[in-house]
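Novice: The structure that follows is given in the form of structure tokens.
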Amino acid sequence: MPHDGRARTGVSEPRAREADASDTGSPPPVPEAVTSERALTFVGAALTAVYLPGAGNQELRLMETAGSARCEYGLPDRLPLSGDSPAAHTFRTGRPLWLTSEALASYSTGGPTPPRPETSLAALPLGTERGRLGCLVVVGDSADGFEAEQRRFLEQYADAVLAVLRTGTGRLPAPSPLLSTALRSLCVGSFVITPDTGLIEADETLLELAGITPDDFDGKADTLLAHALPEDMHALMSVLEPSTQTVGRRELEFRVRRPTGEMRWLSLSCQVAAGCDGRPEQVLGVVTATSVLRQSADDVSRIQWLTAALDDAVTVRDVSRVVVTALGEPLGADRVALAELQDDRLAVTVLDPPEPAAWPQWWRSEWRSEWPDAPVSALPTLQMALRDGRMDLWSAGAALEPGLAGIGAGGLAVLPLPAKGWVAGVCLVGWDQPHEFVPEERFLLTATAALVGQALKRARAHDAEQELATMLQRSLLPRRLPELPGGTAVARYLPAKRGLQVGGDWYDVIALSEDRVALVIGDVQGHSAGAATIMGQMRTAIRAYAVEGHPPDVVVSHANRLLVGMETDLFATCCYAELDMEEGNALFVRAGHLAPLLRHPDGRTEEVQVEGGLPLGILADAEFPMTTCALAPGTVIVMVTDGLVEAVDLPLDEGMDRTRTALAGADPADPGEMADELLGELDPREDDVALLLLRYDGMKTRPIRAGWAVWRLPDAVMHARRFTARALRRWKVEEVTDAALLVVSELVTNGLVHTQGPVRVDLMLRGDRVRVSVSDCSPRSPAKPVIVDWDATGGRGLLLVEAMSESFGSVPVAGGKQVWSELVVPHCDQAHADSGPRTRRRGLP
């Protein structure tokens, strides 16, 4: 059974009331002698006695005794001051004696009679060198003597006895007994609970600690529990309703709210007594105020620091780091582990030290990711602590399951982390060398567990919310930007630090063709899941309209009509740019958004004066004029949302000037670092921030182009073939003439036969590739046959074109489609053959 103190024998038989559970009258008061016996029993004292100097200060006289063993054995009535007794020795020297059974046997007088091998003894002076008033003798019921925590309590008990003696000027204050008066001054209350009935026999001191008057107490445990804080209710219920596995001694600390509103920490120690059938029959215990535990100024400052640090901790990782700082060094611990309780599994969130070799071998087998993850059922010690919600302190050499062996060879603290009626997780604190758990540590551990449990629950909810927001945001924004011929694009998105980290800012880079690219950045009004939904729809719509081949003003106009038709209360702003990467021209359209910025190769910056239109979603017939701008190689285009340049304490004009200054000073050699410098220090952010940056380098290989409008004549295909042959001879790539003529014949024939309107042939040579494109006015893509047999009369042409082409496909353009085929020039292909086999590509370029 886990414990942090020995289970003592000699517990007095409680006098539980034989009352019906429905009795609502005030129970009779508990005799003071009974409460004293209970309290002393829980500090290992079977008998206490006060010796005062007799006449002439030649002897010590026994003045009063208390305890459950008064009828079993006693102490001498008189002890010579010059004799060899523990009491006389302590009175002469002024130093306390803590004697085990073996050490007590060396004293000839002054011990309990008849002597017993399982008893120990403590003698504590009452007073200082300037004036000793007597000696307190305590007979223990363990051969090993008193533990550190018990010694501390008995020292305070001796101080209380001395205070009563001084109040009475050396005489016993009548009519109250000396020892009971001193014990009452320490505010030690006692109780007996009958689990089957839910009734509790509580003394007046316990009622006073809880803030209940005797007249208002009905003898029910629920009445006392009503004064406890909800966060500590889980642990207290395990005392009120103990299981068969919790028979034995238990200790915990909890908080109560007094009628004045004051919160008070109380320490509870109890013993669960089992009946003949092994089921819990009675719970006997004592309760003290934590002031008895000598709470130091350092303890208070640590709790204050912990409260402030946890208040600033937002994520589970933040809470974990605070726990390590709060417990590791102050307690001299060698290991600290924190784990969340997720259903029936423990998910570790922090290990200190983090190296796997510092933890048990069993943990390493469960190391599935960054930290181990194990079922609660595999760790019975933790399972019991989590179920009861109580702290367990294991001393050196305790027998633990393999999953906990090695964490604290010198001592292990198991701290369930309560959070409003349930347990959020568990904290393990381990020592390698034998460690003695002093009361100050118990207070710190209990207070830490209560605070961390609440913080962990709050942080887990925050992490779950942000995980959902991050997943939604990532699904709405581009996963990666395309590689562009003649330029490099980078983007950054930073969510707001307040609220749900998903908003309406978006960006996109759309490769329209081999030499044209579209840039778009926008912001939907608001900061919510609704704004994010509209953002995703706008980004998809603009991409679809752009890929269809519409000019920038038409793309934005279509998106505006779409948003108006949604009948939403939200509007959106955007800035759209289409770049000709070959010629270095840019067309800008602005819909209520910030104007783009340019950084010229010489470092000058400017704000492009784009004629703006209304935001999207306001007026269906709004116009969006285009603005043309020429780009020189080395020019950087920057498009941002207002979260970067505007805040409560940052006017828009000042923010734009600041961004232009940062843009001028940034090094364009690395666009990624350039984007990071533009973001600067933005914590905490009030709004989302999106930034899109493109460095225009110019195309290293400029393509050669030729085009011809097909005449709708019977010999139109022949003319198209002649045009193609002449162009290829002029470009000196006759090696692909046969393949190109076949492709032109098939695609032009399909365009003339299956579509109406004009048909056009475009040829382009770039590097080692010849691209043949045939445009028509039909939006329907050519369909290849699923099954081709000897009787099929159509569809063979497309299969033949695909077989002859390095790559082949169809893209929509304004007013129709374009079917294209790429052919590799043989001598160029041979030059590249040395570098390895060529991969055949399918689909869009």
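Identifiers in the structure tokens: chain A, B, ... in order shown; residue index from 1 per chain; ligand index from 1 in order shown.
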DSSP on the backbone: which residues in segment 798-831 of chain A end up as strand (DSSP E or B)? Give the answer as a PyMOL selection string.

Specialist: chain A and resi 807-813+816-824

Novice: For segment 397-408 of chain A, please output as a list in words all residues within 9 Å (counting only C-alpha atoms; exclusion window: fewer than 3 positions along the same chain).

Specialist: Pro2, Ala333, Asp334, Arg335, Val336, Ala358, Trp359, Pro360, Gln361, Trp362, Trp363, Ala378, Leu379, Pro380, Thr381, Trp394, Gly411, Leu412, Ala413, Leu428, Val429, Gly430, Trp431, Asp432, Gln433 and Pro434 of chain A

Novice: In Å, rounded to a single decimal, give me how far atom CA of Ser101 of chain A is from atom CA of Ser85 of chain A.

Specialist: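 Atom CA of Ser85 of chain A sits 14.5 Å away from atom CA of Ser101 of chain A.
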
Novice: Please run DSSP on the backbone and report, as a PyMOL selection string, all residues within segment 687-755 of chain A that come out as helix (DSSP H, G or I).

Specialist: chain A and resi 716-731+734-754

Novice: If you take only C-alpha atoms and a cut-off of 7 Å, which residues of segment 140-161 of chain A touch segment 40-45 of chain A, and what are their nearest atom pairs and distances in Å to one decimal, in chain and number order, as CSV?

Specialist:
residue,atom,partner,partner_atom,distance
A:Gly140,CA,A:Ala45,CA,4.7
A:Asp141,CA,A:Gly44,CA,6.0
A:Gln150,CA,A:Val43,CA,5.3

Novice: For the selection you just gave me, I'd like the residues written to a file as a compact mmCIF listing (two decimals), in the first residue's frame, keeping N, CA, C and O atoms.

Specialist:
# COMPACT_ATOMS: atom_id res chain seq x y z
N GLY A 140 6.15 6.11 21.78
CA GLY A 140 5.72 5.74 20.44
C GLY A 140 5.38 4.28 20.33
O GLY A 140 5.82 3.45 21.13
N ASP A 141 4.60 3.95 19.31
CA ASP A 141 4.16 2.56 19.13
C ASP A 141 4.94 1.86 18.03
O ASP A 141 4.47 0.87 17.47
N GLN A 150 6.54 13.41 11.91
CA GLN A 150 5.99 13.24 13.24
C GLN A 150 6.79 14.02 14.28
O GLN A 150 6.24 14.60 15.21

Novice: When you draw a straight line from atom CA of Glu802 of chain A to atom CA of Glu582 of chain A, how long is it in Å?

Specialist: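 Computed distance, atom CA of Glu802 of chain A to atom CA of Glu582 of chain A, equals 27.8 Å.
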
Novice: If we count only C-alpha atoms, what is near Ala449 of chain A at a cut-off of 8 Å, once residues fewer than 2 positions away on the same chain are taken out, given as a list in words?

Specialist: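 Skipping anything fewer than 2 positions along the chain leaves Leu415, Pro416, Leu417, Pro418, Cys427, Leu445, Thr446, Ala447, Leu451, Val452 and Gly453 of chain A.
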
Novice: Would you save the residues of that selection, restricted to all heavy atoms, as a short mmCIF file (atom, residue, chain, number, x, y, z; two decimals), in the first residue's frame?

Specialist:
data_model
loop_
_atom_site.label_atom_id
_atom_site.label_comp_id
_atom_site.auth_asym_id
_atom_site.auth_seq_id
_atom_site.Cartn_x
_atom_site.Cartn_y
_atom_site.Cartn_z
N LEU A 415 1.69 12.33 -8.37
CA LEU A 415 0.75 13.43 -8.17
C LEU A 415 -0.34 13.40 -9.22
O LEU A 415 -0.11 13.79 -10.37
CB LEU A 415 1.48 14.78 -8.26
CG LEU A 415 2.69 15.02 -7.37
CD1 LEU A 415 3.27 16.38 -7.65
CD2 LEU A 415 2.31 14.89 -5.92
N PRO A 416 -1.54 12.91 -8.89
CA PRO A 416 -2.67 13.12 -9.81
C PRO A 416 -2.95 14.61 -9.94
O PRO A 416 -2.79 15.37 -8.98
CB PRO A 416 -3.82 12.37 -9.14
CG PRO A 416 -3.18 11.44 -8.16
CD PRO A 416 -1.93 12.14 -7.72
N LEU A 417 -3.37 15.04 -11.12
CA LEU A 417 -3.61 16.46 -11.39
C LEU A 417 -5.10 16.68 -11.53
O LEU A 417 -5.68 16.46 -12.59
CB LEU A 417 -2.87 16.87 -12.67
CG LEU A 417 -1.37 16.54 -12.68
CD1 LEU A 417 -0.76 16.89 -14.03
CD2 LEU A 417 -0.64 17.25 -11.55
N PRO A 418 -5.79 17.11 -10.45
CA PRO A 418 -7.25 17.26 -10.50
C PRO A 418 -7.65 18.48 -11.29
O PRO A 418 -6.95 19.49 -11.33
CB PRO A 418 -7.62 17.41 -9.02
CG PRO A 418 -6.41 18.01 -8.39
CD PRO A 418 -5.23 17.46 -9.14
N CYS A 427 1.70 13.60 -12.54
CA CYS A 427 3.08 14.06 -12.53
C CYS A 427 3.89 13.12 -11.64
O CYS A 427 3.45 12.77 -10.54
CB CYS A 427 3.17 15.50 -12.00
SG CYS A 427 4.84 16.17 -11.96
N LEU A 445 4.01 20.06 -3.26
CA LEU A 445 3.53 19.07 -4.23
C LEU A 445 2.01 19.13 -4.38
O LEU A 445 1.48 19.10 -5.50
CB LEU A 445 3.97 17.67 -3.82
CG LEU A 445 5.47 17.38 -3.90
CD1 LEU A 445 5.78 16.04 -3.25
CD2 LEU A 445 5.95 17.38 -5.34
N THR A 446 1.31 19.22 -3.26
CA THR A 446 -0.15 19.25 -3.33
C THR A 446 -0.65 20.52 -4.00
O THR A 446 -1.55 20.48 -4.85
CB THR A 446 -0.74 19.15 -1.90
OG1 THR A 446 -0.24 17.97 -1.27
CG2 THR A 446 -2.25 19.09 -1.95
N ALA A 447 -0.06 21.66 -3.63
CA ALA A 447 -0.48 22.91 -4.25
C ALA A 447 -0.16 22.92 -5.73
O ALA A 447 -0.96 23.39 -6.55
CB ALA A 447 0.21 24.08 -3.55
N LEU A 451 -2.90 23.33 -8.99
CA LEU A 451 -2.78 24.40 -9.97
C LEU A 451 -2.49 23.87 -11.37
O LEU A 451 -3.05 24.35 -12.36
CB LEU A 451 -1.66 25.37 -9.54
CG LEU A 451 -1.92 26.16 -8.25
CD1 LEU A 451 -0.67 26.92 -7.85
CD2 LEU A 451 -3.08 27.12 -8.45
N VAL A 452 -1.63 22.86 -11.44
CA VAL A 452 -1.25 22.32 -12.75
C VAL A 452 -2.42 21.60 -13.41
O VAL A 452 -2.59 21.64 -14.63
CB VAL A 452 -0.03 21.38 -12.61
CG1 VAL A 452 0.25 20.65 -13.92
CG2 VAL A 452 1.19 22.17 -12.19
N GLY A 453 -3.25 20.92 -12.62
CA GLY A 453 -4.40 20.22 -13.20
C GLY A 453 -5.31 21.16 -13.95
O GLY A 453 -5.73 20.88 -15.08
#

Novice: If we count only C-alpha atoms, what is near Ile521 of chain A at a cut-off of 6 Å, once residues fewer than 5 positions away on the same chain are taken out, given as a count of residues only?

Specialist: 4

Novice: Looking at A:Asn560, A:Thr205, A:Ser190, A:Thr223, which one is nearest to Leu284 of chain A, with distances taken over only C-alpha atoms?

Specialist: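 Between A:Asn560, A:Thr205, A:Ser190, A:Thr223, the residue approaching Leu284 of chain A most closely is A:Ser190.
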
Novice: So, counting only C-alpha atoms, which residue among A:Asp144, A:Glu822, A:Asp318, A:Asp762 is closest to Gly707 of chain A?

Specialist: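 Among the listed residues, the smallest separation from Gly707 of chain A belongs to A:Asp762.
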
Novice: Do you know which residues are at most 10 Å from Val322 of chain A counting only C-alpha atoms, after dropping those on the same chain fewer than 5 positions away, and could you put them as a list in words?

Specialist: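 Near Val322 of chain A, the qualifying residues are Trp305, Leu306, Thr307, Ala309, Leu310, Asp312, Ala313, Val316, Arg317, Leu327, Gly328 and Val452 of chain A.
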
Novice: Which value, in Å to one decimal, gives the distance between atom CA of Ala39 of chain A and atom CA of Ala289 of chain A?

Specialist: 13.1 Å

Novice: Would you kindly return, as a list in words, each protein, DNA or RNA residue with an atom no farther than 12 Å from any atom of Asp196 of chain A, considering only C-alpha atoms and excluding same-chain residues fewer than 6 positions away?

Specialist: Asp20, Ala21, Lys220, Ala221, Leu240, Glu241, Pro242, Ser243, Gly275, Arg279, Pro280, Glu281, Gln282 and Val283 of chain A

Novice: Using the selection just defined, write its residues with all heavy atoms as a CSV table (one decimal), in the first residue's frame.

Specialist:
chain,number,residue,atom,x,y,z
A,20,ASP,N,-29.9,7.0,12.2
A,20,ASP,CA,-30.4,6.8,10.8
A,20,ASP,C,-29.8,7.9,9.9
A,20,ASP,O,-29.6,9.0,10.4
A,20,ASP,CB,-31.9,6.9,10.8
A,20,ASP,CG,-32.5,6.6,9.4
A,20,ASP,OD1,-32.5,5.4,9.1
A,20,ASP,OD2,-32.9,7.5,8.8
A,21,ALA,N,-29.6,7.6,8.6
A,21,ALA,CA,-29.0,8.5,7.7
A,21,ALA,C,-29.9,9.7,7.5
A,21,ALA,O,-29.4,10.8,7.1
A,21,ALA,CB,-28.7,7.8,6.4
A,220,LYS,N,-23.7,14.7,8.7
A,220,LYS,CA,-23.5,14.1,7.4
A,220,LYS,C,-22.2,14.5,6.7
A,220,LYS,O,-21.8,15.7,6.8
A,220,LYS,CB,-24.7,14.4,6.5
A,220,LYS,CG,-26.0,13.8,7.0
A,220,LYS,CD,-27.1,14.2,6.0
A,220,LYS,CE,-28.4,13.7,6.5
A,220,LYS,NZ,-29.6,14.0,5.6
A,221,ALA,N,-21.5,13.6,6.1
A,221,ALA,CA,-20.2,13.9,5.4
A,221,ALA,C,-20.4,14.9,4.3
A,221,ALA,O,-19.6,15.7,4.0
A,221,ALA,CB,-19.5,12.6,4.9
A,240,LEU,N,-14.2,9.4,1.5
A,240,LEU,CA,-15.6,9.2,2.0
A,240,LEU,C,-16.1,7.8,1.5
A,240,LEU,O,-16.8,7.1,2.3
A,240,LEU,CB,-16.5,10.3,1.4
A,240,LEU,CG,-18.0,10.2,1.8
A,240,LEU,CD1,-18.2,10.2,3.3
A,240,LEU,CD2,-18.8,11.2,1.1
A,241,GLU,N,-15.7,7.4,0.3
A,241,GLU,CA,-16.1,6.1,-0.2
A,241,GLU,C,-14.9,5.3,-0.6
A,241,GLU,O,-14.6,5.1,-1.8
A,241,GLU,CB,-17.0,6.3,-1.4
A,241,GLU,CG,-18.3,7.1,-1.1
A,241,GLU,CD,-19.1,7.5,-2.4
A,241,GLU,OE1,-18.6,7.1,-3.5
A,241,GLU,OE2,-20.2,8.0,-2.2
A,242,PRO,N,-14.2,4.8,0.4
A,242,PRO,CA,-12.9,4.0,0.0
A,242,PRO,C,-13.3,2.7,-0.6
A,242,PRO,O,-14.3,2.1,-0.3
A,242,PRO,CB,-12.3,3.9,1.4
A,242,PRO,CG,-13.4,3.9,2.4
A,242,PRO,CD,-14.4,4.9,1.8
A,243,SER,N,-12.4,2.2,-1.4
A,243,SER,CA,-12.5,0.9,-2.0
A,243,SER,C,-11.7,-0.1,-1.2
A,243,SER,O,-11.0,0.2,-0.2
A,243,SER,CB,-12.0,0.9,-3.4
A,243,SER,OG,-10.6,1.2,-3.4
A,275,GLY,N,-13.6,-4.4,7.8
A,275,GLY,CA,-14.4,-5.3,8.6
A,275,GLY,C,-14.0,-6.8,8.4
A,275,GLY,O,-13.0,-7.1,7.7
A,279,ARG,N,-14.2,-5.5,3.6
A,279,ARG,CA,-14.7,-4.2,3.0
A,279,ARG,C,-14.5,-3.1,4.1
A,279,ARG,O,-14.5,-3.3,5.3
A,279,ARG,CB,-16.2,-4.3,2.7
A,279,ARG,CG,-16.6,-5.3,1.7
A,279,ARG,CD,-18.1,-5.4,1.4
A,279,ARG,NE,-18.7,-4.2,1.0
A,279,ARG,CZ,-19.5,-3.4,1.7
A,279,ARG,NH1,-19.8,-3.8,3.0
A,279,ARG,NH2,-20.0,-2.3,1.3
A,280,PRO,N,-14.3,-1.9,3.6
A,280,PRO,CA,-14.0,-0.7,4.5
A,280,PRO,C,-15.2,-0.6,5.4
A,280,PRO,O,-16.4,-0.5,5.0
A,280,PRO,CB,-13.9,0.5,3.6
A,280,PRO,CG,-13.5,-0.1,2.2
A,280,PRO,CD,-14.2,-1.4,2.2
A,281,GLU,N,-14.9,-0.5,6.7
A,281,GLU,CA,-16.0,-0.4,7.7
A,281,GLU,C,-16.0,1.0,8.3
A,281,GLU,O,-17.1,1.6,8.5
A,281,GLU,CB,-15.8,-1.4,8.8
A,281,GLU,CG,-16.9,-1.5,9.8
A,281,GLU,CD,-16.6,-2.6,10.8
A,281,GLU,OE1,-15.5,-2.6,11.4
A,281,GLU,OE2,-17.6,-3.4,11.1
A,282,GLN,N,-14.8,1.6,8.6
A,282,GLN,CA,-14.7,2.9,9.2
A,282,GLN,C,-13.5,3.6,8.7
A,282,GLN,O,-12.5,3.0,8.3
A,282,GLN,CB,-14.7,2.8,10.8
A,282,GLN,CG,-16.0,2.5,11.4
A,282,GLN,CD,-15.9,2.4,12.9
A,282,GLN,OE1,-14.8,2.1,13.4
A,282,GLN,NE2,-17.0,2.7,13.6
A,283,VAL,N,-13.6,4.9,8.7
A,283,VAL,CA,-12.4,5.8,8.3
A,283,VAL,C,-12.2,6.7,9.5
A,283,VAL,O,-13.0,7.5,9.8
A,283,VAL,CB,-12.7,6.6,7.0
A,283,VAL,CG1,-11.5,7.4,6.7
A,283,VAL,CG2,-13.1,5.6,5.9

Novice: Excluding Gly565 of chain A and residues on its chain fewer than 4 positions from it, collect all residues at most 10 Å away from it, counting only C-alpha atoms, and give them as a VMD selection string.

Specialist: chain A and resid 559 to 561 617 620

Novice: Pick from A:Gly634, A:Ala725, A:Ala46, A:Pro703: nearest to Cys71 of chain A, with only C-alpha atoms counted?

Specialist: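 Of the candidates, the smallest distance to Cys71 of chain A is held by A:Ala46.
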
Novice: Pick out the closest residue to Thr119 of chain A from this set: A:Ser745, A:Thr100, A:Ser82, A:Thr349. Count only C-alpha atoms.

Specialist: A:Thr100

Novice: Looking at A:Lys817, A:Lys700, A:Arg539, A:Arg780, which one is nearest to Pro758 of chain A, with distances taken over only C-alpha atoms?

Specialist: A:Lys817
